[in-house]
Amino acid sequence: MTSISTDSAPAPRGHYSQARIVGDLIFTAGVLSVDPATNKTVGVGDAAEQTRQILRNLAAILAAAGATLDDVVQLRGFLAHPAIDKDAYDAVFPEFFSEPYPARLTAGADLNGFLVEIEVIAARPAQ
């Protein structure tokens, strides 16, 4: 197993890696809408803008692992207020993904003040 760490995405806020490579798969931690340059939350109160920042952060983590968002196989998204924010969250995905879209799960969760958290599993491109 290899741990991935990049300054282009927010540093972990606990005892975990940004991502781990196991065989041909990349597993990211849950990522929040924090700007890595300022360490401040992006899109307070705006699920769409939080989703955009998270996907930018995930792209940076995947790049550090030698992959892109095109390599994402599965995406798990967590919303603090699914009934309110699901449409805004969902509308962002075509900005970052094209068909065939990754398999996806979206669930409600207590996110300690954040509206959105996302983790992905990606296939590592052949080296």
# chains A, B, ... in the order shown; residues from 1 in each chain; ligands from 1
>>> residues_around(residues="range 4-17 of chain A", least_positions_apart="4", cutoff="12 Å", atoms="only C-alpha atoms", output="PyMOL selection string")
chain A and resi 21-22+26-42+53-67
>>> residues_around(residues="range 71-73 of chain A", least_positions_apart="6", cutoff="8 Å", atoms="only C-alpha atoms", output="ChimeraX atom specification")
/A:102-103,120-125
>>> write_last_selection(atoms="N, CA, C and O atoms", output="short mmCIF file (atom, residue, chain, number, x, y, z; two decimals), in the first residue's frame")
data_model
loop_
_atom_site.label_atom_id
_atom_site.label_comp_id
_atom_site.auth_asym_id
_atom_site.auth_seq_id
_atom_site.Cartn_x
_atom_site.Cartn_y
_atom_site.Cartn_z
N PRO A 102 -19.37 7.66 -13.13
CA PRO A 102 -19.03 6.67 -12.10
C PRO A 102 -20.29 6.16 -11.40
O PRO A 102 -21.31 6.86 -11.35
N ALA A 103 -20.19 4.96 -10.86
CA ALA A 103 -21.25 4.49 -9.98
C ALA A 103 -21.27 5.45 -8.79
O ALA A 103 -20.24 6.00 -8.40
N VAL A 120 -13.92 8.91 -3.19
CA VAL A 120 -13.98 8.16 -4.44
C VAL A 120 -13.05 6.95 -4.40
O VAL A 120 -12.10 6.90 -3.61
N ILE A 121 -13.36 6.02 -5.28
CA ILE A 121 -12.46 4.91 -5.62
C ILE A 121 -12.18 5.08 -7.10
O ILE A 121 -13.10 5.21 -7.91
N ALA A 122 -10.90 5.07 -7.46
CA ALA A 122 -10.51 5.24 -8.86
C ALA A 122 -9.61 4.08 -9.29
O ALA A 122 -8.88 3.51 -8.46
N ALA A 123 -9.66 3.75 -10.56
CA ALA A 123 -8.76 2.76 -11.13
C ALA A 123 -7.47 3.47 -11.52
O ALA A 123 -7.50 4.53 -12.14
N ARG A 124 -6.37 2.92 -11.12
CA ARG A 124 -5.08 3.53 -11.43
C ARG A 124 -4.73 3.20 -12.88
O ARG A 124 -4.71 2.05 -13.28
N PRO A 125 -4.44 4.24 -13.68
CA PRO A 125 -4.09 3.99 -15.08
C PRO A 125 -2.83 3.13 -15.19
O PRO A 125 -1.97 3.16 -14.31
#
>>> select_by_dssp(residues="range 45-80 of chain A", states="strand (DSSP E)", output="number ranges by chain")
A: 72-79
>>> residues_around(residues="Val44 in chain A", least_positions_apart="2", cutoff="9 Å", atoms="only C-alpha atoms", output="CSV table (one decimal) with N, CA, C and O atoms, in the first residue's frame")
chain,number,residue,atom,x,y,z
A,33,SER,N,-15.0,20.8,1.5
A,33,SER,CA,-14.8,22.0,0.6
A,33,SER,C,-13.9,23.0,1.2
A,33,SER,O,-14.3,24.2,1.5
A,41,THR,N,-13.1,27.2,4.5
A,41,THR,CA,-14.3,26.6,3.8
A,41,THR,C,-14.7,27.4,2.7
A,41,THR,O,-14.9,28.6,2.8
A,42,VAL,N,-15.0,26.8,1.5
A,42,VAL,CA,-15.5,27.4,0.3
A,42,VAL,C,-17.0,27.1,0.2
A,42,VAL,O,-17.4,26.0,0.5
A,46,ASP,N,-23.7,26.9,0.4
A,46,ASP,CA,-24.0,26.7,-1.0
A,46,ASP,C,-23.5,25.3,-1.4
A,46,ASP,O,-22.3,25.1,-1.6
A,47,ALA,N,-24.4,24.3,-1.5
A,47,ALA,CA,-24.0,22.9,-1.8
A,47,ALA,C,-23.3,22.8,-3.1
A,47,ALA,O,-22.4,22.0,-3.3
A,49,GLU,N,-21.4,25.0,-4.7
A,49,GLU,CA,-20.1,25.5,-4.7
A,49,GLU,C,-19.2,24.6,-3.8
A,49,GLU,O,-18.0,24.4,-4.1
A,50,GLN,N,-19.7,24.0,-2.7
A,50,GLN,CA,-19.0,23.1,-2.0
A,50,GLN,C,-18.6,21.9,-2.8
A,50,GLN,O,-17.5,21.4,-2.7
A,113,GLY,N,-21.2,20.9,10.2
A,113,GLY,CA,-21.2,22.3,9.6
A,113,GLY,C,-21.0,22.3,8.1
A,113,GLY,O,-21.3,23.4,7.5
A,114,PHE,N,-20.5,21.3,7.5
A,114,PHE,CA,-20.3,21.2,6.0
A,114,PHE,C,-21.6,20.7,5.4
A,114,PHE,O,-22.4,20.0,6.1
A,115,LEU,N,-21.9,21.0,4.2
A,115,LEU,CA,-23.1,20.5,3.5
A,115,LEU,C,-22.8,19.3,2.7
A,115,LEU,O,-23.7,18.5,2.5
>>> atom_distance(atom1="CA of Leu79 in chain A", atom2="CA of Ala109 in chain A")
5.8 Å
>>> closest_residue(among="A:Met1, A:Ile118, A:Leu69, A:Ala48", to="Asp90 in chain A", atoms="only C-alpha atoms")
A:Ala48
